[in-house]
Each structure stands twice: as structure tokens, then as C-alpha cells.
file data.cif (mmCIF, C-alpha atoms)
data_my_file
loop_
_atom_site.group_PDB
_atom_site.id
_atom_site.type_symbol
_atom_site.label_atom_id
_atom_site.label_comp_id
_atom_site.auth_asym_id
_atom_site.auth_seq_id
_atom_site.Cartn_x
_atom_site.Cartn_y
_atom_site.Cartn_z
ATOM 1 C CA LEU A 1 -0.762 11.677 -10.992
ATOM 2 C CA GLY A 2 0.281 13.591 -7.938
ATOM 3 C CA LEU A 3 2.380 13.539 -4.820
ATOM 4 C CA VAL A 4 0.796 13.228 -1.426
ATOM 5 C CA GLY A 5 2.043 16.357 0.275
ATOM 6 C CA SER A 6 2.637 15.203 3.825
ATOM 7 C CA GLU A 7 3.096 12.090 5.898
ATOM 8 C CA MET A 8 3.700 11.435 9.584
ATOM 9 C CA CYS A 9 5.806 8.485 10.653
ATOM 10 C CA ILE A 10 4.579 7.511 14.116
ATOM 11 C CA ARG A 11 7.465 5.125 14.799
ATOM 12 C CA ASP A 12 10.206 7.677 14.203
ATOM 13 C CA SER A 13 8.160 10.826 14.919
ATOM 14 C CA PHE A 14 9.331 12.909 12.010
ATOM 15 C CA TYR A 15 7.550 14.806 9.280
ATOM 16 C CA THR A 16 8.504 14.301 5.673
ATOM 17 C CA SER A 17 7.225 15.798 2.469
ATOM 18 C CA GLY A 18 6.622 13.434 -0.414
ATOM 19 C CA ALA A 19 7.881 16.181 -2.704
ATOM 20 C CA ASN A 20 11.197 16.731 -0.929
ATOM 21 C CA LEU A 21 13.083 13.612 0.057
ATOM 22 C CA SER A 22 15.973 15.574 1.475
ATOM 23 C CA SER A 23 13.837 17.203 4.162
ATOM 24 C CA ALA A 24 13.940 14.328 6.640
ATOM 25 C CA PRO A 25 16.301 11.669 8.004
ATOM 26 C CA GLN A 26 16.711 8.652 5.756
ATOM 27 C CA GLU A 27 15.530 6.001 8.220
ATOM 28 C CA GLY A 28 11.884 5.120 7.704
ATOM 29 C CA ARG A 29 11.295 7.679 4.968
ATOM 30 C CA MET A 30 8.780 6.733 2.282
ATOM 31 C CA ARG A 31 8.569 8.113 -1.206
ATOM 32 C CA TYR A 32 4.845 8.082 -1.876
ATOM 33 C CA ARG A 33 3.283 8.586 -5.256
ATOM 34 C CA GLN A 34 -0.308 7.828 -6.158
ATOM 35 C CA LEU A 35 -0.209 6.032 -9.477
ATOM 36 C CA ASP A 36 -3.644 5.446 -10.915
ATOM 37 C CA ASN A 37 -4.074 3.355 -12.871
ATOM 38 C CA GLU A 38 -1.727 0.412 -13.580
ATOM 39 C CA GLY A 39 -4.669 -1.965 -13.832
ATOM 40 C CA VAL A 40 -6.359 -0.520 -16.916
ATOM 41 C CA GLN A 41 -5.303 -0.072 -20.519
ATOM 42 C CA PHE A 42 -6.126 3.204 -22.267
ATOM 43 C CA ASP A 43 -5.318 3.884 -25.902
ATOM 44 C CA THR A 44 -3.434 7.103 -25.155
ATOM 45 C CA GLU A 45 -2.763 6.990 -21.419
ATOM 46 C CA TYR A 46 -1.595 3.436 -20.842
ATOM 47 C CA LEU A 47 2.107 4.262 -20.559
ATOM 48 C CA THR A 48 1.735 7.347 -18.364
ATOM 49 C CA PRO A 49 1.696 5.626 -14.951
ATOM 50 C CA ARG A 50 4.424 3.241 -16.048
ATOM 51 C CA GLU A 51 6.679 6.017 -17.256
ATOM 52 C CA ALA A 52 6.180 8.007 -14.055
ATOM 53 C CA MET A 53 6.863 5.001 -11.842
ATOM 54 C CA ALA A 54 9.894 3.943 -13.870
ATOM 55 C CA GLU A 55 11.313 7.451 -13.584
ATOM 56 C CA ASP A 56 10.701 7.518 -9.830
ATOM 57 C CA LEU A 57 12.437 4.196 -9.275
ATOM 58 C CA GLN A 58 15.461 5.344 -11.267
ATOM 59 C CA ARG A 59 15.670 8.598 -9.277
ATOM 60 C CA MET A 60 15.382 6.744 -5.985
ATOM 61 C CA GLU A 61 18.572 4.840 -6.676
ATOM 62 C CA ALA A 62 20.250 7.969 -5.292
ATOM 63 C CA LEU A 63 18.609 7.178 -1.937
ATOM 64 C CA PRO A 64 18.935 3.415 -1.501
ATOM 65 C CA GLY A 65 16.831 1.495 0.983
ATOM 66 C CA GLN A 66 13.584 3.417 0.472
ATOM 67 C CA LEU A 67 9.965 2.249 0.227
ATOM 68 C CA TYR A 68 7.829 3.174 -2.793
ATOM 69 C CA ASN A 69 4.097 2.789 -2.183
ATOM 70 C CA PHE A 70 1.445 2.670 -4.896
ATOM 71 C CA HIS A 71 -2.201 1.787 -5.486
ATOM 72 C CA PRO A 72 -2.426 -1.187 -7.872
ATOM 73 C CA GLY A 73 -5.393 0.347 -9.731
ATOM 74 C CA ALA A 74 -8.818 -0.718 -11.011
ATOM 75 C CA HIS A 75 -9.794 -3.035 -13.820
ATOM 76 C CA VAL A 76 -12.766 -0.825 -14.885
ATOM 77 C CA GLY A 77 -14.823 -3.716 -16.149
ATOM 78 C CA GLN A 78 -12.082 -5.817 -17.710
ATOM 79 C CA GLY A 79 -12.227 -8.246 -14.797
ATOM 80 C CA VAL A 80 -9.890 -8.964 -11.898
ATOM 81 C CA ASP A 81 -7.811 -11.457 -13.870
ATOM 82 C CA ALA A 82 -7.124 -8.946 -16.639
ATOM 83 C CA GLY A 83 -6.392 -6.212 -14.105
ATOM 84 C CA ILE A 84 -3.890 -8.373 -12.238
ATOM 85 C CA GLU A 85 -2.211 -9.332 -15.513
ATOM 86 C CA LEU A 86 -1.745 -5.665 -16.449
ATOM 87 C CA ILE A 87 -0.374 -4.800 -12.998
ATOM 88 C CA VAL A 88 2.084 -7.698 -13.152
ATOM 89 C CA ASP A 89 3.127 -6.627 -16.640
ATOM 90 C CA ALA A 90 3.674 -3.043 -15.465
ATOM 91 C CA LEU A 91 5.794 -4.108 -12.487
ATOM 92 C CA CYS A 92 7.902 -6.393 -14.644
ATOM 93 C CA GLN A 93 8.584 -3.469 -16.968
ATOM 94 C CA VAL A 94 9.332 -0.677 -14.469
ATOM 95 C CA MET A 95 11.270 -2.654 -11.858
ATOM 96 C CA PHE A 96 14.822 -3.737 -12.578
ATOM 97 C CA GLU A 97 17.305 -6.272 -11.270
ATOM 98 C CA GLY A 98 19.437 -4.920 -8.464
ATOM 99 C CA GLN A 99 17.165 -1.970 -7.641
ATOM 100 C CA ARG A 100 17.576 -0.743 -4.068
ATOM 101 C CA THR A 101 13.998 0.465 -3.536
ATOM 102 C CA CYS A 102 11.226 -1.802 -2.270
ATOM 103 C CA VAL A 103 7.958 -1.365 -4.185
ATOM 104 C CA LEU A 104 4.876 -1.712 -1.971
ATOM 105 C CA LEU A 105 1.410 -2.755 -3.100
ATOM 106 C CA GLU A 106 -1.150 -1.017 -0.906
ATOM 107 C CA THR A 107 -4.116 -2.926 0.480
ATOM 108 C CA MET A 108 -7.277 -1.464 -1.066
ATOM 109 C CA ALA A 109 -10.815 -0.877 0.214
ATOM 110 C CA GLY A 110 -12.532 -2.413 -2.791
ATOM 111 C CA LYS A 111 -14.420 0.615 -4.075
ATOM 112 C CA GLY A 112 -15.561 0.255 -7.646
ATOM 113 C CA THR A 113 -13.372 -2.221 -9.499
ATOM 114 C CA GLU A 114 -10.192 -1.757 -7.462
ATOM 115 C CA VAL A 115 -7.673 -4.565 -7.590
ATOM 116 C CA GLY A 116 -5.991 -5.449 -4.297
ATOM 117 C CA ARG A 117 -9.120 -5.528 -2.146
ATOM 118 C CA THR A 118 -8.190 -8.956 -0.737
ATOM 119 C CA PHE A 119 -4.952 -10.474 0.443
ATOM 120 C CA GLU A 120 -5.422 -13.111 -2.242
ATOM 121 C CA GLU A 121 -5.366 -10.508 -5.019
ATOM 122 C CA LEU A 122 -2.176 -8.964 -3.657
ATOM 123 C CA ALA A 123 -0.620 -12.431 -3.420
ATOM 124 C CA ARG A 124 -1.540 -13.124 -7.042
ATOM 125 C CA ILE A 125 0.245 -9.955 -8.163
ATOM 126 C CA ILE A 126 3.376 -10.896 -6.232
ATOM 127 C CA GLU A 127 3.227 -14.469 -7.530
ATOM 128 C CA GLY A 128 2.779 -13.162 -11.078
ATOM 129 C CA VAL A 129 5.939 -11.081 -10.837
ATOM 130 C CA ALA A 130 7.794 -13.987 -9.237
ATOM 131 C CA SER A 131 6.821 -16.350 -12.036
ATOM 132 C CA ARG A 132 7.907 -13.963 -14.804
ATOM 133 C CA ARG A 133 10.820 -12.144 -13.224
ATOM 134 C CA PRO A 134 11.914 -13.975 -10.053
ATOM 135 C CA GLU A 135 14.855 -11.609 -9.691
ATOM 136 C CA LEU A 136 12.339 -8.802 -8.988
ATOM 137 C CA ALA A 137 10.253 -10.630 -6.407
ATOM 138 C CA GLY A 138 12.516 -10.747 -3.362
ATOM 139 C CA THR A 139 11.096 -9.404 -0.101
ATOM 140 C CA ASP A 140 13.579 -6.539 -0.320
ATOM 141 C CA MET A 141 12.155 -5.470 -3.690
ATOM 142 C CA LEU A 142 8.405 -6.192 -3.593
ATOM 143 C CA GLY A 143 6.169 -5.935 -0.546
ATOM 144 C CA VAL A 144 2.893 -4.685 0.892
ATOM 145 C CA CYS A 145 1.721 -1.590 2.764
ATOM 146 C CA LEU A 146 -1.276 -2.299 5.014
ATOM 147 C CA ASP A 147 -3.841 0.527 5.258
ATOM 148 C CA THR A 148 -6.095 0.103 8.299
ATOM 149 C CA CYS A 149 -8.985 2.090 6.812
ATOM 150 C CA HIS A 150 -8.774 0.163 3.569
ATOM 151 C CA ILE A 151 -8.717 -3.329 5.028
ATOM 152 C CA SER A 152 -11.570 -2.494 7.409
ATOM 153 C CA ASP A 153 -13.622 -1.045 4.567
ATOM 154 C CA GLY A 154 -12.614 -4.116 2.578
ATOM 155 C CA GLY A 155 -14.212 -6.401 5.154
ATOM 156 C CA TYR A 156 -11.383 -7.467 7.448
ATOM 157 C CA ASP A 157 -12.269 -7.299 11.158
ATOM 158 C CA ILE A 158 -9.331 -5.511 12.752
ATOM 159 C CA VAL A 159 -11.519 -4.197 15.592
ATOM 160 C CA ASP A 160 -12.393 -7.549 17.169
ATOM 161 C CA ASP A 161 -10.040 -9.983 15.432
ATOM 162 C CA LEU A 162 -6.749 -8.267 14.622
ATOM 163 C CA ASP A 163 -4.781 -11.406 15.458
ATOM 164 C CA GLY A 164 -6.925 -13.422 13.063
ATOM 165 C CA VAL A 165 -6.503 -10.875 10.273
ATOM 166 C CA MET A 166 -2.730 -10.831 10.690
ATOM 167 C CA ALA A 167 -2.656 -14.627 10.728
ATOM 168 C CA GLU A 168 -4.621 -14.654 7.471
ATOM 169 C CA PHE A 169 -2.227 -12.138 5.918
ATOM 170 C CA ASP A 170 0.683 -14.326 6.947
ATOM 171 C CA ARG A 171 -0.964 -17.420 5.465
ATOM 172 C CA VAL A 172 -1.913 -15.781 2.156
ATOM 173 C CA VAL A 173 0.852 -13.229 1.518
ATOM 174 C CA GLY A 174 3.470 -13.738 4.226
ATOM 175 C CA LEU A 175 4.402 -11.337 7.005
ATOM 176 C CA GLU A 176 7.879 -11.052 5.491
ATOM 177 C CA ARG A 177 6.232 -9.007 2.717
ATOM 178 C CA LEU A 178 4.688 -6.467 5.098
ATOM 179 C CA GLN A 179 6.891 -3.367 5.073
ATOM 180 C CA ALA A 180 4.724 -0.428 6.226
ATOM 181 C CA VAL A 181 1.364 0.566 7.708
ATOM 182 C CA HIS A 182 -1.014 3.421 6.930
ATOM 183 C CA ILE A 183 -2.680 4.014 10.288
ATOM 184 C CA ASN A 184 -6.042 5.533 9.321
ATOM 185 C CA ASP A 185 -9.479 5.629 10.901
ATOM 186 C CA SER A 186 -12.553 5.079 8.712
ATOM 187 C CA LYS A 187 -15.765 7.037 8.209
ATOM 188 C CA ASN A 188 -17.541 3.825 7.263
ATOM 189 C CA PRO A 189 -18.346 0.500 8.939
ATOM 190 C CA ARG A 190 -16.463 -2.663 8.109
ATOM 191 C CA GLY A 191 -17.143 -3.974 4.623
ATOM 192 C CA ALA A 192 -18.439 -0.650 3.235
ATOM 193 C CA HIS A 193 -15.868 -0.628 0.375
ATOM 194 C CA LYS A 194 -15.762 3.177 0.455
ATOM 195 C CA ASP A 195 -12.215 4.293 1.396
ATOM 196 C CA ARG A 196 -13.067 7.410 3.398
ATOM 197 C CA HIS A 197 -10.494 8.308 6.040
ATOM 198 C CA GLU A 198 -11.536 9.868 9.352
ATOM 199 C CA VAL A 199 -9.600 11.771 11.989
ATOM 200 C CA ILE A 200 -7.944 9.254 14.311
ATOM 201 C CA GLY A 201 -10.409 8.422 17.077
ATOM 202 C CA GLY A 202 -13.393 9.783 15.175
ATOM 203 C CA GLY A 203 -14.283 6.803 13.030
ATOM 204 C CA TYR A 204 -15.302 3.177 13.202
ATOM 205 C CA LEU A 205 -11.866 2.076 14.378
ATOM 206 C CA GLY A 206 -11.180 4.637 17.085
ATOM 207 C CA ASN A 207 -14.557 5.921 18.267
ATOM 208 C CA PRO A 208 -16.202 3.924 21.099
ATOM 209 C CA GLU A 209 -19.642 5.168 20.025
ATOM 210 C CA LEU A 210 -19.104 3.484 16.656
ATOM 211 C CA GLY A 211 -17.818 0.207 18.041
ATOM 212 C CA GLY A 212 -14.115 1.039 18.073
ATOM 213 C CA GLY A 213 -11.954 2.780 20.626
ATOM 214 C CA GLU A 214 -8.479 3.767 21.651
ATOM 215 C CA HIS A 215 -7.753 0.142 22.507
ATOM 216 C CA VAL A 216 -8.197 -0.783 18.830
ATOM 217 C CA LEU A 217 -5.597 1.713 17.652
ATOM 218 C CA ARG A 218 -3.250 0.787 20.492
ATOM 219 C CA ALA A 219 -3.558 -2.881 19.568
ATOM 220 C CA ILE A 220 -2.596 -2.077 15.971
ATOM 221 C CA VAL A 221 0.501 0.004 16.724
ATOM 222 C CA THR A 222 1.730 -2.453 19.371
ATOM 223 C CA HIS A 223 0.943 -5.692 17.523
ATOM 224 C CA PRO A 224 4.052 -7.908 17.316
ATOM 225 C CA ALA A 225 3.708 -8.210 13.536
ATOM 226 C CA LEU A 226 3.403 -4.453 13.061
ATOM 227 C CA CYS A 227 5.122 -2.510 15.841
ATOM 228 C CA GLU A 228 8.573 -2.400 14.210
ATOM 229 C CA LEU A 229 7.241 -1.110 10.870
ATOM 230 C CA PRO A 230 6.982 2.557 9.800
ATOM 231 C CA PHE A 231 3.481 3.913 10.488
ATOM 232 C CA ILE A 232 2.132 6.654 8.224
ATOM 233 C CA LEU A 233 -0.824 8.783 9.364
ATOM 234 C CA GLU A 234 -2.984 10.118 6.506
ATOM 235 C CA THR A 235 -5.524 12.629 7.720
ATOM 236 C CA PRO A 236 -8.786 13.018 5.749
#

call {"tool": "encode", "arguments": {"input": "data.cif", "output": "C-alpha cells"}}
result
Amino acid sequence: LGLVGSEMCIRDSFYTSGANLSSAPQEGRMRYRQLDNEGVQFDTEYLTPREAMAEDLQRMEALPGQLYNFHPGAHVGQGVDAGIELIVDALCQVMFEGQRTCVLLETMAGKGTEVGRTFEELARIIEGVASRRPELAGTDMLGVCLDTCHISDGGYDIVDDLDGVMAEFDRVVGLERLQAVHINDSKNPRGAHKDRHEVIGGGYLGNPELGGGEHVLRAIVTHPALCELPFILETP
């Protein structure tokens, strides 16, 4: 477990450290902790991510209205169904009625046995929480963070069909669930399932020589479904 040390919010143009929530204005700030792995059960480590996440959510009650982003995890051979069940179980345990932090499932690239590589898998997690603990599944408590590198690596064509991808997200998950964007370029072509970030403009999304370009990134940050959300830049 660790804290990502720095994030840039393009919308509000401020720098915030994941380790020091008091260092930036409240609006748009994201508490970001990489929790790996909610989707797998270990004999001795199973509770570690849950305990850390539960502690974080309790601490964040001091700063209401925040976004808490996490990677759902990998099923490591147990199968997607089992992985989703464990993630749902973890969320139902660590979240609590009346919490004032919105937990975000991040879209994943699909490397290895990652869960969350498709919009359908994310929807199943949300639906699982809603069926067990409907009081935890409101759009103000459970949402999605869209990572541009991840969904491109996962096979979604945001270079030539961004509108179509956003329409599919709306159909499967619902745009009301989309709360934040990680604006990242990718070292790999669409569908590579690698999750390797590149400097903005240097990868397959932003580099004209690789089939992307500035127009792709501009289309993302100005898209009607995205432009009002906080954008986080994660450099490689």
C-alpha cells in the first residue's frame, strides 16, 4: 500500500499532495490511495487493504465532499465472478451509511487478471453493492474514475470514437456515476492491456506519429460529459 505523491488537477490548476490533504483548496481535491488488492483473498493479508481503506474513509469524514479513488484489484486466477464478489464484499464492509466521501472505482487496463477492465465489470460491482447495501450505492457515495490510458489499453477507442465510448459508458454504468478523470497518455496501442503511462503528447493518444494528436486530448478535456469533472494528470 502506498500514497501517490502528487497529482495535478487540470480543471482547477492546483497541485495537491496525496499525503497532505491540507495543502490545497478543498474544491476538486482527491484523496488517492492505491489499494491492491481487494479482489483476492490471502490467508494472512486479506484484511490489510480493507483495514487501510476503512481507516481512510473514517479520517476523511473530517473533510466532507471528497473523492476516494482505488483500483478494484485482480482475481489472480479465481475468476472474474469471484473477484467481483470479493470487491463487493469489501465495499459493503468498509463503506458506511451517511459517509460524506464518494468512493471511485477506477477503470482498469486489463493487465493480468485485473477486475474492472470493462464498463460491464464496473457496473456489476456497483450493482452488487446496491443489491446488498442500497444505502451505500447512491451516486454521491459510489462512482467511477475514468483513466484515459487504461480504457485505451483496455480496448476502448477514444482516439476515433470518443462519443461512442462515452455513450457506451452511459448505457452500461451511467454518466451520473462518472466523478473524475485521469488524463494520461499511453505507451501502448489500443487493446494492449499493459497500463503504461506516457508523457502527454508522447504516446498513442497524443502523438500524431502514433495515430493520436493534440486534437484527441483536446476532445477529451472539452467533451460535454467530462469537461466539468476534475482532471488528474499522472506522469509516467

call {"tool": "closest_residue", "arguments": {"input": "data.cif", "among": "A:Gly155, A:Gly202, A:Pro230, A:Pro224", "to": "Val181 of chain A", "atoms": "only C-alpha atoms"}}
result
A:Pro230

call {"tool": "resolve_selection", "arguments": {"input": "data.cif", "expression": "the PyMOL selection byres ((chain A and resi 87-94) around 6)", "output": "list in words"}}
result
Glu38, Gly39, Ala54, Ile84, Glu85, Leu86, Met95, Ile125, Gly128 and Val129 of chain A

call {"tool": "closest_residue", "arguments": {"input": "data.cif", "among": "A:Asn69, A:Val103, A:Glu120, A:Gly212", "to": "Val172 of chain A", "atoms": "only C-alpha atoms"}}
result
A:Glu120

call {"tool": "atom_distance", "arguments": {"input": "data.cif", "atom1": "atom CA of Met60 of chain A", "atom2": "atom CA of Arg177 of chain A"}}
result
20.2 Å

call {"tool": "atom_distance", "arguments": {"input": "data.cif", "atom1": "atom CA of Ala192 of chain A", "atom2": "atom CA of Asp153 of chain A"}}
result
5.0 Å

call {"tool": "atom_distance", "arguments": {"input": "data.cif", "atom1": "atom CA of Arg171 of chain A", "atom2": "atom CA of Gly154 of chain A"}}
result
17.9 Å

call {"tool": "closest_residue", "arguments": {"input": "data.cif", "among": "A:Asp163, A:Glu61, A:Asp81, A:Asp170", "to": "Arg124 of chain A", "atoms": "only C-alpha atoms"}}
result
A:Asp81
